[in-house]
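Take a look at the structure below.
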Amino acid sequence: MHSIDVVGVLEPGGRVVLPVAGGSVRGGFPSPAEEFLVERLDLTSILVSHPQATFFVRLRGESMAPAGLFDGDLLVVDRALKPVHQDVVIAVVDGDFTCKSLWLKGGRMKLQAANPTFPDIVPVEEQVVEIWGVVTASIKQFRGRSGAR
Amino acid sequence: MFGLVDLSNFYASCEQTFRPSLRGKPVVVLGSNDGCVIARSQEAKALGVPMGAPWFKVSHLAQSAGLVALSANFPLIGDMSARFMSLAAGFGHQLEAYSVDEAFADLSGIPGDLTLRGFKIRARIRQWLGLECGVGLGGTKTLAKLANLVSKDAERKPGRYPAHLAGVCNFGDLSQAQLEAVMRATAVGDVWGVGRRYGAQLLELGVVSAWDLAQLPPSLVRKRWGLVLERTVLELQGVSCIDLEAVPGPKKQVGVSRSFGKGLEGLDGLLEAVGEFAARAAVKLRKQGSVAGQVFVFAQTSPFRPPPHFSRGLCVPLASASADTRVLVAAAHAGVRAIFQSGVEFNKAGVFLLDLCPANRRQEAFDFGEMGSEIDEQLMATVDHLNQRFGRGTVLVGGAGNTRRKTDWSPKQSRLTPQYTTRLSDIPVAKA
């Protein structure tokens with residue numbers, strides 16, 4: 001049952017993409033695991049649902065520590081999601097990015113820190129507080145954290 | 001049916017997405033060497049900053065009007081453009097990336113309300129990327145382009161077009177009378193493909209508006225101005241002549257040119273700069289799988305400086321078409337030596353590779369001395385690979401400059417913003 005299938009035509013200077021695990025070209029004994037080849041788990045596809053709308057943001061400060069978000073964490077921010085009550089969000093307050101918990105009820109909104117010693121941010125009249133994106137994951141690295149500081 | 005999605009003030013808006021404090025402020029983006037304005041925010045346009053203005057001519061507005069100038073951040077622009085194209089691809093079933101910030105979509109056969117679809121794609125681009133865009137829909141690409149202009153001007157210049165066409169303009173929704181009114185309100189020079197030269201000639205003949213142009217008999221237009229303008233007239237009349245170019249073909253010319261950080265005198269510096277440009281162009285050439293038959297080099301003085309002015313270029317033909325950095329650098333050097341003049345302060349130079357054809361169709365010179373071109377190709381592929389993996393300038397081909405060292409002719413980019421989306425140490429910071 002040895003077979004060789006043509007998977008592409010190689011032209012001088014041209015490029016051909018060969019299937020990585022297609023099993024089309026065989027010589028020798030077929031692998032017993034071939035029937036079970038599946039995709040390896042990929043962290044990006046676990047953490048990122050909307051690749052075009054996902055951005056990374058570095059967290060600075062302690063006000064979200066009780067919620068498990070620490071200084072230096074790498075945040076995964078998804079702008080495709082509609083922010084809802086109690087989401088952790090990146091908001092724009094007076095031109096700067098801030099990370100807080102969103103409180104949204106009865107048409108009123110405020111931004112809360114997880115640490116209650118920090119005051120709530122309540123938009124005053126004419127002040128626009130924009131929700132820039134929803135934080136969907138926080139990544140902590142313990143070794144080799146390049147770019148953390 | 002065609003749709004055209006065109007981002008508004010793309011370069012400046014990218015910066016404003018990641019630096020919200022810049023929103024609502026006049027922002028300009030400066031091109032090569034921080035020399036001229038290549039993009040403006042809406043507020044900078046309102047301030048009257050002209051496109052292409054040398055920065056030194058408008059820099060007084062920084063003091064008087066809070067004008068902010070930034071160096072062009074190409075990694076950011078490239079990444080945001082790729083995200084945009086990927087979203088715009090959901091608009092129709094085929095997409096043509098017409099430029100970095102505009103895309104044509106083929107909407108033929110797509111069921112449902114296309115205007116609503118236009119508003120949805122617009123809302124998605126705004127929410128996901130923080131970028132504004134206009135959406136135009138029409139039966140031909142030229143009409144879609146015109147509808148796009150209407151969608152933007154109805155918003156920016158109230159009164160010129162009906163207000164309900166702002167943001168998304170679908171010519172398919174308009175009655176014949178409404179379409180005529182819109183086309184009468186559009187200057188003939190604003191029609192895609194007309195351009196300044198034809199525009200002036202048409203104006204002289206009393207063809208003032210897009211509507212006037214659409215009334216001309218195509219055969220007469222062809223006789224007088226040629227096939228290109230005839231095609232434009234037919235497209236305005238609703239006859240689709242220009243198809244979507246879904247897969248852009250290999251570029252017909254590949255070039256690298258740059259202004260120098262400060263004036264450059266002497267042959268050695270010019271040789272090094274032009275060698276580096278030739279090497280960079282060679283990488284582009286190999287990436288698209290082409291070889292070049294001619295190498296064009298040029299060098300010039302600043303038109304903004306007092307004379308003597310100098311501007312010269314030379315085309316160097318190759319014995320056989322090549323993508324080998326060593327061959328292309330040698331040809332560029334030969335060209336530079338021929339045009340060089342001492343005592344001149346150069347401020348810009350460049351290399352263009354011309355006469356391109358696919359690498360697998362090249363004609364070899366009948367040269368018994370040249371052996372092992374396969375080995376050369378492998379060498380070049382290895383050089384490209386190493387530079388891609390470890391950073392540009394890791395491996396240099398003799399005479400191709402030294403990109404790690406900041407040389408006199410390295411571009412000046414003193415207002416460079418962080419690479420928010422392509423470099424981990426540059427990502428935005430949020431305070432908690």
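Ordering of the structure tokens sets the chain letters (A, B, ...); residue numbers start at 1 within each chain; ligands are numbered from 1 in the order shown.
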Test item, alpha helix (DSSP H) assignment across stretch 18-121 of chain A, answer as a PyMOL selection string: chain A and resi 43-47
Spatial neighbours of stretch 411-427 of chain B, max dist 9 Å, only C-alpha atoms, sep filter under 4 positions, as JSON, numbers by chain: {"A": [55, 56, 57, 58, 146, 147, 148, 149], "B": [15, 18, 30, 31, 32, 33, 34, 35, 69, 70, 71, 72, 73, 74, 75, 76, 79, 80, 258, 259, 260, 261, 262, 406, 407]}
Could those selected residues go to a file with N, CA, C and O atoms, as a short mmCIF file (atom, residue, chain, number, x, y, z; two decimals), in the first residue's frame?
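out35.cif, freshly written:
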```cif
data_model
loop_
_atom_site.label_atom_id
_atom_site.label_comp_id
_atom_site.auth_asym_id
_atom_site.auth_seq_id
_atom_site.Cartn_x
_atom_site.Cartn_y
_atom_site.Cartn_z
N PHE A 55 -6.39 43.27 20.83
CA PHE A 55 -5.15 44.02 21.05
C PHE A 55 -4.60 43.66 22.43
O PHE A 55 -5.34 43.21 23.29
N PHE A 56 -3.31 43.84 22.60
CA PHE A 56 -2.68 43.56 23.89
C PHE A 56 -2.37 44.87 24.61
O PHE A 56 -1.95 45.84 23.98
N VAL A 57 -2.60 44.86 25.89
CA VAL A 57 -2.38 46.05 26.72
C VAL A 57 -1.63 45.63 27.98
O VAL A 57 -1.90 44.57 28.54
N ARG A 58 -0.67 46.44 28.41
CA ARG A 58 0.07 46.15 29.64
C ARG A 58 -0.60 46.84 30.82
O ARG A 58 -0.96 48.01 30.71
N SER A 146 9.58 38.66 28.74
CA SER A 146 10.16 39.71 27.93
C SER A 146 9.17 40.86 27.82
O SER A 146 7.99 40.65 27.62
N GLY A 147 9.68 42.05 27.99
CA GLY A 147 8.84 43.24 27.78
C GLY A 147 7.93 43.57 28.93
O GLY A 147 7.16 44.51 28.86
N ALA A 148 8.00 42.79 30.05
CA ALA A 148 7.10 43.07 31.16
C ALA A 148 7.44 44.41 31.81
O ALA A 148 6.57 45.11 32.28
N ARG A 149 8.70 44.71 31.82
CA ARG A 149 9.11 46.00 32.40
C ARG A 149 9.89 46.80 31.38
O ARG A 149 10.68 46.21 30.65
N GLU B 15 -3.31 56.44 14.86
CA GLU B 15 -2.63 56.99 16.02
C GLU B 15 -3.64 57.35 17.11
O GLU B 15 -3.40 57.15 18.29
N PHE B 18 -4.93 54.51 19.42
CA PHE B 18 -4.06 54.05 20.50
C PHE B 18 -3.60 55.18 21.40
O PHE B 18 -2.96 54.94 22.41
N LEU B 30 3.98 62.83 9.14
CA LEU B 30 5.04 63.27 8.23
C LEU B 30 5.66 62.06 7.54
O LEU B 30 5.86 61.02 8.16
N GLY B 31 5.98 62.23 6.26
CA GLY B 31 6.55 61.14 5.47
C GLY B 31 8.04 61.01 5.69
O GLY B 31 8.58 61.49 6.69
N SER B 32 8.66 60.39 4.73
CA SER B 32 10.08 60.09 4.77
C SER B 32 10.89 61.25 5.32
O SER B 32 10.74 62.39 4.87
N ASN B 33 11.73 60.94 6.34
CA ASN B 33 12.64 61.96 6.87
C ASN B 33 11.92 63.12 7.57
O ASN B 33 12.47 64.20 7.71
N ASP B 34 10.66 62.86 8.01
CA ASP B 34 9.87 63.90 8.66
C ASP B 34 9.77 65.16 7.80
O ASP B 34 9.68 66.27 8.31
N GLY B 35 9.78 64.98 6.46
CA GLY B 35 9.85 66.13 5.58
C GLY B 35 8.51 66.78 5.30
O GLY B 35 8.31 67.95 5.61
N ALA B 69 2.51 66.81 15.16
CA ALA B 69 3.12 66.12 14.01
C ALA B 69 3.75 64.82 14.48
O ALA B 69 4.45 64.79 15.49
N LEU B 70 3.49 63.73 13.73
CA LEU B 70 4.04 62.42 14.07
C LEU B 70 4.75 61.84 12.86
O LEU B 70 4.35 62.10 11.72
N SER B 71 5.82 61.06 13.10
CA SER B 71 6.47 60.36 12.00
C SER B 71 5.57 59.21 11.56
O SER B 71 4.87 58.62 12.37
N ALA B 72 5.61 58.88 10.28
CA ALA B 72 4.79 57.78 9.77
C ALA B 72 5.21 56.48 10.44
O ALA B 72 6.37 56.11 10.43
N ASN B 73 4.23 55.80 11.05
CA ASN B 73 4.47 54.56 11.78
C ASN B 73 4.01 53.40 10.90
O ASN B 73 2.89 52.91 11.03
N PHE B 74 4.90 52.97 9.98
CA PHE B 74 4.46 52.00 8.97
C PHE B 74 4.11 50.62 9.54
O PHE B 74 3.19 49.97 9.03
N PRO B 75 4.80 50.15 10.59
CA PRO B 75 4.36 48.86 11.16
C PRO B 75 2.92 48.92 11.67
O PRO B 75 2.14 47.99 11.45
N LEU B 76 2.56 50.03 12.32
CA LEU B 76 1.19 50.18 12.83
C LEU B 76 0.19 50.25 11.68
O LEU B 76 -0.84 49.57 11.67
N ASP B 79 -0.29 46.86 9.97
CA ASP B 79 -1.09 45.91 10.73
C ASP B 79 -2.56 46.30 10.74
O ASP B 79 -3.45 45.46 10.55
N MET B 80 -2.85 47.60 10.92
CA MET B 80 -4.25 48.03 10.94
C MET B 80 -4.89 47.86 9.57
O MET B 80 -6.07 47.55 9.46
N ARG B 258 14.68 57.39 -0.96
CA ARG B 258 14.60 58.02 0.36
C ARG B 258 15.26 59.39 0.34
O ARG B 258 16.24 59.61 -0.37
N SER B 259 14.73 60.28 1.19
CA SER B 259 15.43 61.53 1.45
C SER B 259 16.46 61.27 2.54
O SER B 259 16.25 60.42 3.39
N PHE B 260 17.54 61.97 2.52
CA PHE B 260 18.58 61.76 3.51
C PHE B 260 18.36 62.65 4.72
O PHE B 260 17.88 63.77 4.60
N GLY B 261 18.75 62.13 5.89
CA GLY B 261 18.60 62.88 7.14
C GLY B 261 19.25 64.25 7.05
O GLY B 261 18.71 65.25 7.47
N LYS B 262 20.45 64.29 6.48
CA LYS B 262 21.05 65.58 6.17
C LYS B 262 21.76 65.45 4.84
O LYS B 262 22.06 64.34 4.40
N LYS B 406 23.72 53.98 12.41
CA LYS B 406 22.95 55.14 11.97
C LYS B 406 23.85 56.00 11.11
O LYS B 406 24.70 56.73 11.60
N THR B 407 23.70 55.90 9.82
CA THR B 407 24.57 56.66 8.93
C THR B 407 23.94 58.00 8.60
O THR B 407 22.82 58.29 8.98
#
```
Using 8 Å as the limit and counting only C-alpha atoms, can you tabulate each residue of chain B that touches chain A, with its shortest atom-to-atom distance in Å and the two atoms involved, as a tab-separated table?
```
residue	atom	partner	partner_atom	distance
B:Arg19	CA	A:Gly95	CA	7.3
B:Pro20	CA	A:Gly95	CA	5.0
B:Ser21	CA	A:Gly95	CA	4.0
B:Leu22	CA	A:Gly95	CA	7.7
B:Arg83	CA	A:Gln52	CA	5.0
B:Phe84	CA	A:Gln52	CA	7.7
B:Ser86	CA	A:Gln52	CA	7.3
B:Leu87	CA	A:Gln52	CA	7.4
B:Arg124	CA	A:Ala80	CA	7.9
B:Gln127	CA	A:Arg79	CA	6.5
B:Trp128	CA	A:Ala53	CA	4.8
B:Leu129	CA	A:Ala53	CA	6.2
B:Gly289	CA	A:Gly13	CA	6.4
B:Ala359	CA	A:Gly13	CA	5.8
B:Asn360	CA	A:Pro12	CA	5.4
B:Thr421	CA	A:Phe55	CA	6.7
B:Leu424	CA	A:Gly147	CA	6.0
B:Ser425	CA	A:Gly147	CA	4.7
B:Ile427	CA	A:Val57	CA	5.6
B:Pro428	CA	A:Val57	CA	5.1
B:Val429	CA	A:Arg58	CA	4.7
B:Ala430	CA	A:Phe97	CA	4.7
B:Lys431	CA	A:Thr98	CA	4.6
B:Ala432	CA	A:Gly61	CA	4.8
```
Give me, as JSON, numbers by chain, all polymer residues having an atom no more than 7 Å from stretch 92-97 of chain B, counting only C-alpha atoms and skipping those fewer than 2 positions away in the same chain. {"B": [85, 89, 90, 99, 102, 103, 104, 105, 106, 107, 244, 245, 246]}
Nearest residue to B:Ser8 from the set B:Glu235, B:Asp190, B:Glu132, B:Asp268 (distances using only C-alpha atoms):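 Checking each of B:Glu235, B:Asp190, B:Glu132, B:Asp268 against B:Ser8, counting only C-alpha atoms, the winner is B:Glu132.
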Within 8 Å of B:Leu328 using only C-alpha atoms, minus same-chain residues under 5 positions, as a PyMOL selection string: chain B and resi 278-279+282+295+322-323
Just-selected residues, all heavy atoms written as an mmCIF file, in the first residue's frame:
```
data_model
loop_
_atom_site.group_PDB
_atom_site.id
_atom_site.type_symbol
_atom_site.label_atom_id
_atom_site.label_comp_id
_atom_site.auth_asym_id
_atom_site.auth_seq_id
_atom_site.Cartn_x
_atom_site.Cartn_y
_atom_site.Cartn_z
ATOM 1 N N ALA B 278 19.467 49.298 -3.332
ATOM 2 C CA ALA B 278 19.423 48.207 -4.313
ATOM 3 C C ALA B 278 19.220 46.878 -3.604
ATOM 4 O O ALA B 278 18.455 46.022 -4.056
ATOM 5 C CB ALA B 278 20.712 48.201 -5.139
ATOM 6 N N ALA B 279 19.883 46.708 -2.445
ATOM 7 C CA ALA B 279 19.753 45.459 -1.703
ATOM 8 C C ALA B 279 18.334 45.281 -1.185
ATOM 9 O O ALA B 279 17.762 44.191 -1.230
ATOM 10 C CB ALA B 279 20.756 45.444 -0.541
ATOM 11 N N ALA B 282 16.106 44.417 -3.976
ATOM 12 C CA ALA B 282 16.347 43.039 -4.394
ATOM 13 C C ALA B 282 15.540 42.061 -3.544
ATOM 14 O O ALA B 282 15.015 41.058 -4.047
ATOM 15 C CB ALA B 282 17.842 42.723 -4.310
ATOM 16 N N VAL B 295 18.282 48.362 -14.129
ATOM 17 C CA VAL B 295 18.348 49.020 -12.829
ATOM 18 C C VAL B 295 18.418 50.523 -13.065
ATOM 19 O O VAL B 295 19.328 51.000 -13.750
ATOM 20 C CB VAL B 295 19.590 48.557 -12.039
ATOM 21 C CG1 VAL B 295 19.679 49.302 -10.706
ATOM 22 C CG2 VAL B 295 19.547 47.054 -11.815
ATOM 23 N N SER B 322 18.200 39.411 -13.468
ATOM 24 C CA SER B 322 18.724 38.845 -12.245
ATOM 25 C C SER B 322 17.958 39.332 -11.025
ATOM 26 O O SER B 322 17.314 40.382 -11.057
ATOM 27 C CB SER B 322 20.201 39.231 -12.104
ATOM 28 O OG SER B 322 20.706 38.794 -10.868
ATOM 29 N N ALA B 323 18.018 38.536 -9.950
ATOM 30 C CA ALA B 323 17.504 38.974 -8.654
ATOM 31 C C ALA B 323 18.614 38.874 -7.614
ATOM 32 O O ALA B 323 18.367 38.899 -6.426
ATOM 33 C CB ALA B 323 16.311 38.116 -8.250
#
```
Mind giving me the straight-line distance from atom CA of B:Gly350 to atom CA of B:Ala331 in Å, one decimal?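 Result for atom CA of B:Gly350 versus atom CA of B:Ala331: 13.0 Å, one decimal.
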Figure out the distance between atom CA of B:Tyr11 and atom CA of B:Ser41, please, to one decimal in Å.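 Here the two named atoms are 8.1 Å from each other.
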Which residues, written as a ChimeraX atom specification, have at least one atom at most 8 Å from stretch 180-188 of chain B, with only C-alpha atoms counted and residues fewer than 5 positions away on the same chain left out? /B:150,160-161,194,199,202-203,207-213
Atoms kept (C-alpha atoms) for selection, written as a JSON list (two decimals), in the first residue's frame:
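Just written: part07.json:
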```json
[["chain", "number", "residue", "atom", "x", "y", "z"],
["B", 150, "VAL", "CA", -20.78, 61.27, -1.75],
["B", 160, "ARG", "CA", -23.60, 69.60, -1.05],
["B", 161, "TYR", "CA", -25.44, 66.28, -1.05],
["B", 194, "VAL", "CA", -10.47, 61.66, -14.97],
["B", 199, "GLY", "CA", -10.40, 67.50, -16.04],
["B", 202, "LEU", "CA", -13.22, 68.80, -20.16],
["B", 203, "LEU", "CA", -13.94, 71.99, -18.21],
["B", 207, "VAL", "CA", -18.19, 69.49, -19.25],
["B", 208, "VAL", "CA", -18.40, 70.61, -15.65],
["B", 209, "SER", "CA", -20.00, 67.81, -13.66],
["B", 210, "ALA", "CA", -19.98, 64.02, -13.49],
["B", 211, "TRP", "CA", -23.45, 64.17, -15.03],
["B", 212, "ASP", "CA", -22.14, 66.18, -18.03],
["B", 213, "LEU", "CA", -19.39, 63.60, -18.57]]
```
May I have all residues of stretch 48-128 of chain A that DSSP, computed from the backbone, assigns to strand (DSSP E), given as a PyMOL selection string? chain A and resi 54-60+74-78+88-93+96-105+108-112
Pairwise distance, atom CA of B:Cys133 with atom CA of B:Leu165, equals 13.3 Å
Residue with smallest distance to A:Gly107 - pool A:Val84, A:Leu43, A:Val89, A:Ala67, counting only C-alpha atoms: A:Val84
For stretch 136-141 of chain B: contacts at 7 Å, only C-alpha atoms, fewer than 2 positions along chain excluded, given as a list in words: Met1, Phe2, Gly3, Leu4, Val5, Gly134, Leu143, Ala144, Lys145, Ala147, Asn148, Ser151, Val168, Cys169, Asn170, Phe171, Gly172, Glu235, Gly238, Val239, Ser240 and Ile242 of chain B
